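Written out below as structure tokens is the structure these notes cover.
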Amino acid sequence: MPILSAENVSVTYPSARGAVIALHGVSLAIERDEFVVALGPSGCGKTTLLNLFAGFLAPTRGRILFDGTPVAGPGAERGVVFQDDALFPWLDVIGNVEFGPRLKGIPASERRDRARALLELVGLAGFERHPLWELSGGMRQRAGLARALAANPAALLMDEPLGALDAMTRERMQELLLDVWGRTGKSVFLITHGIEEALFLATRLVLMSPRPGRIAQAYELDFGRRYLAGEPSRAIKSDRAFIAMREQILDSVFLREAA
Amino acid sequence: MSEIDLELELPGAFRESGAPRRLSSPRGALGFVTIAILLIVWWVASDLRLVPALFLPSPADVAFKLADVWVDGFADATLAQHLAASLARIVAALVAAILIGVPVGLAMGLSRPVRAIVDPIIEFYRPIPPLAYLPLVIIWFGIGEFAKILLIYLAAFAPIAIATAAGVRNLPESRLNAARSLGATRWQLVAHVVLPNTLPDILTGIRIGLGTGWSTLVAAELIAATRGLGFMIQSASQFLVTDVVVMGILVIAFVAFALELAIRFAQRILVPWQGRG
């Protein structure tokens, strides 16, 4: 049984000029251990799809299932990482990571140990007591990732987590995301508009197209697994297979736009 | 106004060499010079007897009067007692305004029906100068402490409640969603996200409320009081003791300035993330 699935889901927003169809008849199942990346231009409904999985939004038609049970709202079993990081500035780094466990009433010493281990996992060891405004954009996203992991979710939903970062930090963070995925074995659903990022991270890449938002194409990939097996990321990204795949996706995007 | 500002600042802003100019320190120095010049003009005008002492006592007279009233008192109370009476009133009223205004503001921000009910009440009385309804407060509650504290409370309550409600509505949606996806219940959202996220706005409301409360307090004491800085000025003016009047005005200004500094200090300690989070 997939951990998360969308079954023939449509989302329609009312607007002044009539109904706007954000998603039309989308079906997608995310299996355990999968790293699914939704790629598409703005307006293709990828954020809407993520909000459905997170439970921030209910579908107009169709259903969203977590582990076979309909999703009724947000829940700790589906962790979310936000593009604007959405950290709590009144808490320091470790306070943010401990937020979920603290709400659940987990004893202080236990949640502290877990938070420290997660900060080490995301490369923020030594920054536990730093206030957020001393962190760079990349460090803030690492803290956001650790915070989402601290609630021990079964699935991790990431809403363009690297979208606001500079190119160099982005490359490093892509490797970190794969490392964390490999170490924790979480199911991941990530959305992005970066083609290379999508190719590098995804075990399954879902190409979405706009007006109305729908899934146009899906690809099974193994570049991320090759990175985890020890191949350097630069070598993978300049590999012939990687470039061919990139061109194929670009072609299909441009063909669709021309049509 | 803006043209003058431009003229003064453009040469500095467009300087081609050297480190970027810090704007705060020259401005601070400029403010200091302004005050010094005003003091000198005051001193010269009174010393040369350009204005009779009855209308404008010299700075030295006022300073001596401060010491005099501090030790011997004026109108049956020392300066410390007048000051304490005024401060006790503003503190009592402010505590009440915070204890009631913050929960009311939170409820207004969180619930549309509450906002629909409370908003017209606040918006009706808020623009009315407190001195306009002071007579009614006196008719209802007499001239005791309660009436004065109630008046200051009303003046401080509105800005605190309004700022709190606005702060709640400014909560970024992603922050709310982040907490919900970490398993927060409705009450946990209010206690652990809405309240701390609103704290900067609450403190801004308190700062504004403190300002309006202080000006209302002094005005209330001018009319109905037997002790307090406003009362001290009022009784001094009836006997044309102008130096006490001037001294009282300066003390009121100084206290207002000290209260402002105290609340700014509280903001730095309590919400260090404000403006950089």
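Just remember, in the structure tokens the first chain shown is A, the second B, etc., residues are 1-based per chain, and ligands are 1-based in the order shown.
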
Original post:
What are the residues of chain A that have an atom within 7 Å of an atom of chain B, counting only C-alpha atoms, as a list in words?
Top reply: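 The complete set of qualifying residues is Pro74, Gly75, Ala76, Arg78, Gly79, Val80, Ala86, Leu87, Pro89, Trp90, Gly100, Leu103, Leu132, Trp133 and Ala151 of chain A.
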
Write a file of the selected residues as an mmCIF file, in the first residue's frame, keeping N, CA and C atoms.
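And here's result14.cif as it stands now:
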data_model
loop_
_atom_site.group_PDB
_atom_site.id
_atom_site.type_symbol
_atom_site.label_atom_id
_atom_site.label_comp_id
_atom_site.auth_asym_id
_atom_site.auth_seq_id
_atom_site.Cartn_x
_atom_site.Cartn_y
_atom_site.Cartn_z
ATOM 1 N N PRO A 74 -3.964 18.591 8.636
ATOM 2 C CA PRO A 74 -2.531 18.402 8.858
ATOM 3 C C PRO A 74 -2.289 17.411 10.000
ATOM 4 N N GLY A 75 -1.151 16.756 9.978
ATOM 5 C CA GLY A 75 -0.837 15.816 11.046
ATOM 6 C C GLY A 75 0.655 15.560 11.122
ATOM 7 N N ALA A 76 1.114 15.145 12.294
ATOM 8 C CA ALA A 76 2.547 14.993 12.542
ATOM 9 C C ALA A 76 3.162 13.850 11.740
ATOM 10 N N ARG A 78 2.901 13.553 8.654
ATOM 11 C CA ARG A 78 3.307 14.131 7.369
ATOM 12 C C ARG A 78 4.042 15.445 7.640
ATOM 13 N N GLY A 79 5.367 15.385 7.705
ATOM 14 C CA GLY A 79 6.164 16.570 7.999
ATOM 15 C C GLY A 79 6.287 17.467 6.774
ATOM 16 N N VAL A 80 6.369 18.789 7.004
ATOM 17 C CA VAL A 80 6.446 19.733 5.887
ATOM 18 C C VAL A 80 7.667 20.644 6.054
ATOM 19 N N ALA A 86 9.567 29.142 7.443
ATOM 20 C CA ALA A 86 8.490 29.156 8.444
ATOM 21 C C ALA A 86 8.978 28.774 9.837
ATOM 22 N N LEU A 87 10.220 29.140 10.169
ATOM 23 C CA LEU A 87 10.737 28.862 11.504
ATOM 24 C C LEU A 87 10.129 29.846 12.503
ATOM 25 N N PRO A 89 10.824 32.554 15.097
ATOM 26 C CA PRO A 89 11.979 33.383 15.461
ATOM 27 C C PRO A 89 12.121 33.613 16.961
ATOM 28 N N TRP A 90 11.067 33.320 17.744
ATOM 29 C CA TRP A 90 11.191 33.530 19.185
ATOM 30 C C TRP A 90 11.909 32.357 19.858
ATOM 31 N N GLY A 100 7.936 20.212 17.857
ATOM 32 C CA GLY A 100 6.969 19.128 17.711
ATOM 33 C C GLY A 100 6.954 18.187 18.905
ATOM 34 N N LEU A 103 5.287 19.704 21.988
ATOM 35 C CA LEU A 103 3.828 19.721 21.956
ATOM 36 C C LEU A 103 3.266 18.356 22.331
ATOM 37 N N LEU A 132 17.846 32.591 15.358
ATOM 38 C CA LEU A 132 17.654 32.343 13.918
ATOM 39 C C LEU A 132 18.261 33.423 13.038
ATOM 40 N N TRP A 133 18.252 34.689 13.537
ATOM 41 C CA TRP A 133 18.712 35.766 12.647
ATOM 42 C C TRP A 133 20.218 35.730 12.403
ATOM 43 N N ALA A 151 9.507 15.387 14.507
ATOM 44 C CA ALA A 151 8.197 14.813 14.829
ATOM 45 C C ALA A 151 8.106 13.371 14.340
#

Subject >> segment 4-14 of chain A surroundings by only C-alpha atoms, 9 Å radius, close-in-sequence under 6 positions cut, as a VMD selection string >> reply: chain A and resid 20 to 32 48 to 49 52 to 53 58 to 68 155 187 213

Original post:
What does the distance from atom CA of Leu50 of chain A to atom CA of Leu157 of chain A come to in Å, to one decimal?
Top reply: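 Answer for the atom CA of Leu50 of chain A to atom CA of Leu157 of chain A separation: 6.8 Å.
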
Subject >> Residue set, segment 111-228 of chain A restricted to strand (DSSP E or B), as an NGL selection string >> reply: :A and (155-159 or 187-192 or 204-209 or 214-220)

Same residues, C-alpha atoms, output as a compact mmCIF listing (two decimals), in the first residue's frame:
# COMPACT_ATOMS: atom_id res chain seq x y z
CA ALA A 155 6.44 11.12 4.87
CA LEU A 156 8.29 14.36 4.27
CA LEU A 157 6.69 17.02 2.08
CA MET A 158 9.01 19.73 0.77
CA ASP A 159 7.69 22.88 -0.86
CA SER A 187 9.21 8.80 1.85
CA VAL A 188 9.72 12.20 0.27
CA PHE A 189 7.53 14.37 -1.94
CA LEU A 190 9.40 17.46 -3.11
CA ILE A 191 8.32 20.14 -5.54
CA THR A 192 10.67 22.31 -7.56
CA ARG A 204 10.43 9.15 -9.69
CA LEU A 205 10.03 12.47 -11.45
CA VAL A 206 6.49 13.70 -12.10
CA LEU A 207 6.30 16.35 -14.79
CA MET A 208 3.28 18.61 -14.36
CA SER A 209 1.72 21.01 -16.82
CA ARG A 214 -2.25 17.85 -14.27
CA ILE A 215 0.45 15.21 -14.47
CA ALA A 216 1.88 15.12 -17.98
CA GLN A 217 4.59 12.50 -17.67
CA ALA A 218 6.44 10.39 -15.12
CA TYR A 219 10.02 9.07 -15.20
CA GLU A 220 11.78 6.47 -13.05

Subject >> 9 Å contact set for Pro210 of chain A, only C-alpha atoms, chain neighbours under 6 positions out, as a list in words >> reply: Ala22, Leu23, Gly40, Pro41, Ser42, Gly43, Cys44 and Gly45 of chain A

What would the file look like if the residues just selected were written as a compact mmCIF listing (two decimals), in the first residue's frame with N, CA and C atoms?
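See selection_26.txt below for the written result:
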# COMPACT_ATOMS: atom_id res chain seq x y z
N ALA A 22 -7.31 24.41 -10.51
CA ALA A 22 -5.89 24.35 -10.12
C ALA A 22 -5.33 22.96 -10.40
N LEU A 23 -6.13 21.94 -10.17
CA LEU A 23 -5.70 20.57 -10.44
C LEU A 23 -6.85 19.84 -11.10
N GLY A 40 7.54 21.41 -12.48
CA GLY A 40 6.63 22.09 -13.38
C GLY A 40 6.73 23.59 -13.24
N PRO A 41 6.26 24.33 -14.24
CA PRO A 41 6.27 25.80 -14.18
C PRO A 41 5.24 26.29 -13.16
N SER A 42 5.31 27.57 -12.80
CA SER A 42 4.33 28.08 -11.85
C SER A 42 2.94 27.98 -12.48
N GLY A 43 1.96 27.66 -11.67
CA GLY A 43 0.60 27.52 -12.17
C GLY A 43 0.24 26.10 -12.58
N CYS A 44 1.19 25.16 -12.39
CA CYS A 44 0.90 23.79 -12.78
C CYS A 44 0.22 23.01 -11.66
N GLY A 45 0.06 23.64 -10.51
CA GLY A 45 -0.68 23.00 -9.42
C GLY A 45 0.17 22.16 -8.50

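Residues with any atom within 9 Å of Val137 of chain B, counting only C-alpha atoms and excluding same-chain neighbours fewer than 2 positions away, are Tyr133, Leu134, Pro135, Ile139, Trp140, Phe141, Gly142, Ile143, Ala147, Lys148, Leu150 and Leu151 of chain B.
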
Could you write out that same residue set with C-alpha atoms as a short mmCIF file (atom, residue, chain, number, x, y, z; two decimals), in the first residue's frame?
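Below is the file that was written, again_1.cif:
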data_model
loop_
_atom_site.label_atom_id
_atom_site.label_comp_id
_atom_site.auth_asym_id
_atom_site.auth_seq_id
_atom_site.Cartn_x
_atom_site.Cartn_y
_atom_site.Cartn_z
CA TYR B 133 -16.04 61.75 28.90
CA LEU B 134 -14.22 62.47 32.16
CA PRO B 135 -17.27 64.42 33.51
CA ILE B 139 -20.76 61.52 37.75
CA TRP B 140 -20.84 57.74 37.68
CA PHE B 141 -17.85 56.86 39.83
CA GLY B 142 -17.05 60.02 41.83
CA ILE B 143 -13.64 61.71 42.09
CA ALA B 147 -12.52 57.04 38.33
CA LYS B 148 -9.01 58.27 37.43
CA LEU B 150 -10.70 53.90 34.81
CA LEU B 151 -10.11 56.92 32.59
#

**OP:** Run DSSP on the backbone and grab whatever in segment 127-260 of chain B lands in helix (DSSP H, G or I); send it over as a PyMOL selection string.
**Re:** chain B and resi 130-141+145-169+173-181+186-223+229-238+242-260

Original post:
Pick from A:Val37, A:Ala143, A:Ile236, A:Val122: nearest to Val180 of chain A, with only C-alpha atoms counted?
Top reply: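 Smallest separation from Val180 of chain A among the options: A:Val122.
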
**OP:** For segment 73-88 of chain B, please output as a PyMOL selection string all residues within 8 Å (counting only C-alpha atoms; exclusion window: fewer than 6 positions along the same chain).
**Re:** chain B and resi 66+217-218+227-229+232+235

**OP:** Would you kindly return, as a PyMOL selection string, each protein, DNA or RNA residue with an atom no farther than 10 Å from any atom of Val241 of chain B, considering only C-alpha atoms and excluding same-chain residues fewer than 6 positions away?
**Re:** chain B and resi 54-55+57+233+235

Original post:
How many Å lie between atom CA of Phe257 of chain B and atom CA of Leu210 of chain B, rounded to one decimal?
Top reply: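 Answer for the atom CA of Phe257 of chain B to atom CA of Leu210 of chain B separation: 11.0 Å.
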
Original post:
What gap, in Å, lies between atom CA of Ala125 of chain A and atom CA of Gly137 of chain A?
Top reply: 16.4 Å

Subject >> Residue nearest Ala236 of chain B among B:Ile138, B:Trp42, B:Lys65, B:Gly167 (counting only C-alpha atoms) >> reply: B:Lys65

**OP:** Pick out the residues sitting within 8 Å of segment 161-167 of chain A, and hand them over as a ChimeraX atom specification; count only C-alpha atoms, and ignore anything fewer than 5 positions along from it in its own chain.
**Re:** /A:81-85,137-138,141,173,192
